[in-house]
Amino acid sequence: MTGRAALRLSRLRRTIPEGRTTGPAEARGGRPRRRGAQPKVVALGGGMGLSASLAALRRITGDLTAVVTVADDGGSSGRLRDELGVLPPGDLRKALAALCGDDDWGQTWARVIQHRFTSQGDLHDHAVGNLLIVALWEQLGDHVQALDLVGKLLGAQGRVLPMSAVPLELQALVKGHDPARPDDVDTVRGQATVALTPGEVQSVHVVPHDPPAVPEAVAAVLDADWVVLGPGSWFSSVIPHLLVPELLDALTETKARLVLSLNLAPQPGETDGFSPQRHLEVLARHAPKLALDVVLADEAAVPDRDLLTEAAKRFGAAVELAPVARPDGSPRHDPELLAAAYDRIFRMHGRIGPWR
């Protein structure tokens with residue numbers, strides 16, 4: 001890491017208010033955890049991919065922090081963002097729901113915050129959790145404090161943080177976005193538009209180009225034992241974390257081990273036709289200095305392990321194949337199987353910690 005980057009991280013650490021570096025247990029008013037009692041895990045992503053990862057990880061650790069993208073501009077989140085100028089709350093809400101426990105309290109609140117209104121008026125399709133989160137932001141004037149309070153109400157088994165304190169606009173260079181001009185490269189703006197483009201996404205960036213990271217998110221990455229990146233929409237949920245300079249600096253400086261969890265199938269529009277190794281090649285173009293320890297993929301989704309292994313070497317990573325998909329054949333992760341895969345990776349590729 002450059003001297004400039006180190007100075008930037010040092011300054012960022014000093015901006016974290018005293019008492020705001022607590023883990024999930026402390027944030028909920030519980031007893032501080034003995035360091036080393038269980039793995040400290042940070043999961044980066046957004047949408048349903050991050051939810052799947054969190055649903056698995058909460059089964060093997062209680063010291064869990066989600067760092068969530070804030071570039072969504074569609075649906076209820078987009079409407080609240082446009083009307084009130086707030087961070088898009090939708091992916092944050094989904095992460096909180098994924099961290100709810102399996103007891104009646106947790107499952108009831110998970111359903112409540114995910115509930116969407118159906119009407120002929122302005123409330124149509126708004127999610128209850130989105131309105132709750134935004135209301136607390138307005139009441140408290142603090143993104144992190146408000147999300148910690150929602151997590152406490154839900155009994156969330158972990159902590160949820162936005163990756164940046166400002167809403168981001170995702171922009172992509174797309175070849176063939178207009179089917180009438182298949183060879184032209186256009187700039188496509190907005191996460192919802194990028195996710196559905198019929199063209200080939202060449203690269204993405206965010207506006208503003210140097211967004212501020214949330215200090216607590218940086219602190220969590222620096223203090224983690226493991227950082228999990230993915231699965232999720234590659235260009236709109238996974239790669240954006242690497243476009244926040246302070247967060248990328250933390251990922252390159254941290255002593256934590258990093259595992260990249262690949263998707264079960266290409267996403268129509270955004271990564272249509274991508275092989276597993278193509279996902280890694282795209283990641284390397286956006287963050288050439290990023291190092292990984294493990295690349296996790298479903299064994300049935302990898303047609304050529306040798307090609308994936310070669311691509312993973314670019315990051316210094318080993319490849320772990322495991323059955324992590326739901327048995328019904330849908331391209332969705334099974335929480336129990338994914339939890340077993342993460343647990344095995346944490347034990348095999350890290351130290352066998354006292355949490356075992």
# chains A, B, ... in the order shown; residues from 1 in each chain; ligands from 1
>>> residues_around(residues="range 50-57 of chain A", least_positions_apart="6", cutoff="6 Å", atoms="only C-alpha atoms", output="PyMOL selection string")
chain A and resi 95+98+335+338-339
>>> closest_atom_pairs(of="range 283-351 of chain A", to="range 257-272 of chain A", cutoff="10 Å", atoms="only C-alpha atoms", output="tab-separated table")
residue	atom	partner	partner_atom	distance
A:Leu290	CA	A:Leu258	CA	9.7
A:Ala291	CA	A:Leu258	CA	7.7
A:Leu292	CA	A:Leu258	CA	5.1
A:Asp293	CA	A:Leu258	CA	5.3
A:Val294	CA	A:Val259	CA	4.6
A:Val295	CA	A:Leu260	CA	4.8
A:Leu296	CA	A:Ser261	CA	4.8
A:Ala297	CA	A:Leu262	CA	5.3
A:Asp298	CA	A:Leu264	CA	6.5
A:Glu299	CA	A:Leu264	CA	9.4
A:Ala300	CA	A:Leu264	CA	8.5
A:Ala301	CA	A:Leu264	CA	5.9
A:Val302	CA	A:Leu264	CA	9.0
A:Ala312	CA	A:Leu260	CA	9.9
A:Ala317	CA	A:Val259	CA	8.5
A:Ala318	CA	A:Val259	CA	9.4
A:Val319	CA	A:Leu260	CA	9.6
A:Glu320	CA	A:Ser261	CA	9.7
A:Val324	CA	A:Leu264	CA	8.6
A:Ala325	CA	A:Leu264	CA	7.2
A:Ser330	CA	A:Leu264	CA	9.1
A:Pro331	CA	A:Leu264	CA	5.6
A:Arg332	CA	A:Leu264	CA	7.0
A:His333	CA	A:Leu264	CA	7.6
A:Leu338	CA	A:Ser261	CA	9.7
A:Tyr342	CA	A:Val259	CA	8.9
A:Ile345	CA	A:Val259	CA	8.6
A:Phe346	CA	A:Arg257	CA	8.9
A:His349	CA	A:Arg257	CA	8.4
A:Gly350	CA	A:Arg257	CA	7.4
>>> atom_distance(atom1="CA of Val174 in chain A", atom2="CA of Pro303 in chain A")
26.7 Å
>>> select_by_dssp(residues="range 71-241 of chain A", states="strand (DSSP E or B)", output="ChimeraX atom specification")
/A:116,127,159-162,164,169-175,185-189,200-207,213,226-229
>>> write_last_selection(atoms="C-alpha atoms", output="CSV table (one decimal), in the first residue's frame")
chain,number,residue,atom,x,y,z
A,116,ARG,CA,-44.5,-4.5,0.5
A,127,ALA,CA,-41.2,-2.1,1.6
A,159,ARG,CA,-24.3,-5.9,12.0
A,160,VAL,CA,-25.2,-4.2,8.8
A,161,LEU,CA,-23.3,-1.2,7.5
A,162,PRO,CA,-23.4,0.8,4.2
A,164,SER,CA,-20.3,4.6,1.7
A,169,GLU,CA,-24.5,6.2,-9.2
A,170,LEU,CA,-23.3,3.2,-11.1
A,171,GLN,CA,-22.1,3.9,-14.6
A,172,ALA,CA,-21.0,1.2,-17.1
A,173,LEU,CA,-19.4,1.1,-20.5
A,174,VAL,CA,-21.6,-1.3,-22.5
A,175,LYS,CA,-21.0,-2.7,-25.9
A,185,VAL,CA,-19.9,1.3,-26.7
A,186,ASP,CA,-22.2,3.5,-24.7
A,187,THR,CA,-22.2,4.8,-21.1
A,188,VAL,CA,-25.1,3.4,-19.3
A,189,ARG,CA,-26.2,5.1,-16.1
A,200,GLU,CA,-21.9,-6.6,-22.9
A,201,VAL,CA,-20.7,-4.7,-19.9
A,202,GLN,CA,-17.0,-3.8,-20.4
A,203,SER,CA,-16.4,-2.0,-17.1
A,204,VAL,CA,-18.1,-0.1,-14.3
A,205,HIS,CA,-17.4,2.9,-12.2
A,206,VAL,CA,-19.2,4.9,-9.6
A,207,VAL,CA,-20.1,8.6,-9.3
A,213,ALA,CA,-16.2,4.9,2.9
A,226,TRP,CA,-12.2,-13.5,7.1
A,227,VAL,CA,-13.7,-11.3,4.5
A,228,VAL,CA,-16.2,-12.8,2.1
A,229,LEU,CA,-16.9,-11.1,-1.3
>>> decode(residues="range 67-82 of chain A", atoms="N, CA and C atoms", output="mmCIF file, in the first residue's frame")
data_model
loop_
_atom_site.group_PDB
_atom_site.id
_atom_site.type_symbol
_atom_site.label_atom_id
_atom_site.label_comp_id
_atom_site.auth_asym_id
_atom_site.auth_seq_id
_atom_site.Cartn_x
_atom_site.Cartn_y
_atom_site.Cartn_z
ATOM 1 N N VAL A 67 -21.282 -5.453 4.859
ATOM 2 C CA VAL A 67 -20.993 -4.143 4.260
ATOM 3 C C VAL A 67 -21.692 -4.124 2.908
ATOM 4 N N VAL A 68 -22.636 -3.201 2.757
ATOM 5 C CA VAL A 68 -23.635 -3.286 1.695
ATOM 6 C C VAL A 68 -23.479 -2.150 0.694
ATOM 7 N N THR A 69 -23.613 -2.475 -0.582
ATOM 8 C CA THR A 69 -23.542 -1.469 -1.633
ATOM 9 C C THR A 69 -24.697 -0.476 -1.521
ATOM 10 N N VAL A 70 -24.482 0.749 -1.992
ATOM 11 C CA VAL A 70 -25.506 1.807 -1.893
ATOM 12 C C VAL A 70 -25.663 2.495 -3.247
ATOM 13 N N ALA A 71 -25.748 1.690 -4.313
ATOM 14 C CA ALA A 71 -25.906 2.252 -5.660
ATOM 15 C C ALA A 71 -27.269 1.949 -6.269
ATOM 16 N N ASP A 72 -28.146 1.280 -5.530
ATOM 17 C CA ASP A 72 -29.453 0.910 -6.072
ATOM 18 C C ASP A 72 -30.259 2.169 -6.409
ATOM 19 N N ASP A 73 -30.897 2.156 -7.573
ATOM 20 C CA ASP A 73 -31.717 3.301 -7.958
ATOM 21 C C ASP A 73 -33.064 2.871 -8.530
ATOM 22 N N GLY A 74 -33.451 1.633 -8.257
ATOM 23 C CA GLY A 74 -34.712 1.139 -8.784
ATOM 24 C C GLY A 74 -35.721 0.863 -7.680
ATOM 25 N N GLY A 75 -36.978 0.676 -8.045
ATOM 26 C CA GLY A 75 -38.020 0.275 -7.124
ATOM 27 C C GLY A 75 -38.236 1.244 -5.983
ATOM 28 N N SER A 76 -38.602 0.681 -4.828
ATOM 29 C CA SER A 76 -38.863 1.483 -3.632
ATOM 30 C C SER A 76 -37.633 2.276 -3.216
ATOM 31 N N SER A 77 -36.465 1.631 -3.264
ATOM 32 C CA SER A 77 -35.223 2.330 -2.877
ATOM 33 C C SER A 77 -34.958 3.530 -3.765
ATOM 34 N N GLY A 78 -35.142 3.351 -5.063
ATOM 35 C CA GLY A 78 -34.908 4.451 -5.983
ATOM 36 C C GLY A 78 -35.867 5.604 -5.756
ATOM 37 N N ARG A 79 -37.122 5.298 -5.450
ATOM 38 C CA ARG A 79 -38.099 6.352 -5.205
ATOM 39 C C ARG A 79 -37.760 7.131 -3.938
ATOM 40 N N LEU A 80 -37.383 6.435 -2.875
ATOM 41 C CA LEU A 80 -37.003 7.117 -1.637
ATOM 42 C C LEU A 80 -35.723 7.924 -1.827
ATOM 43 N N ARG A 81 -34.809 7.366 -2.576
ATOM 44 C CA ARG A 81 -33.553 8.073 -2.862
ATOM 45 C C ARG A 81 -33.824 9.364 -3.623
ATOM 46 N N ASP A 82 -34.677 9.298 -4.645
ATOM 47 C CA ASP A 82 -34.979 10.493 -5.439
ATOM 48 C C ASP A 82 -35.760 11.527 -4.646
#
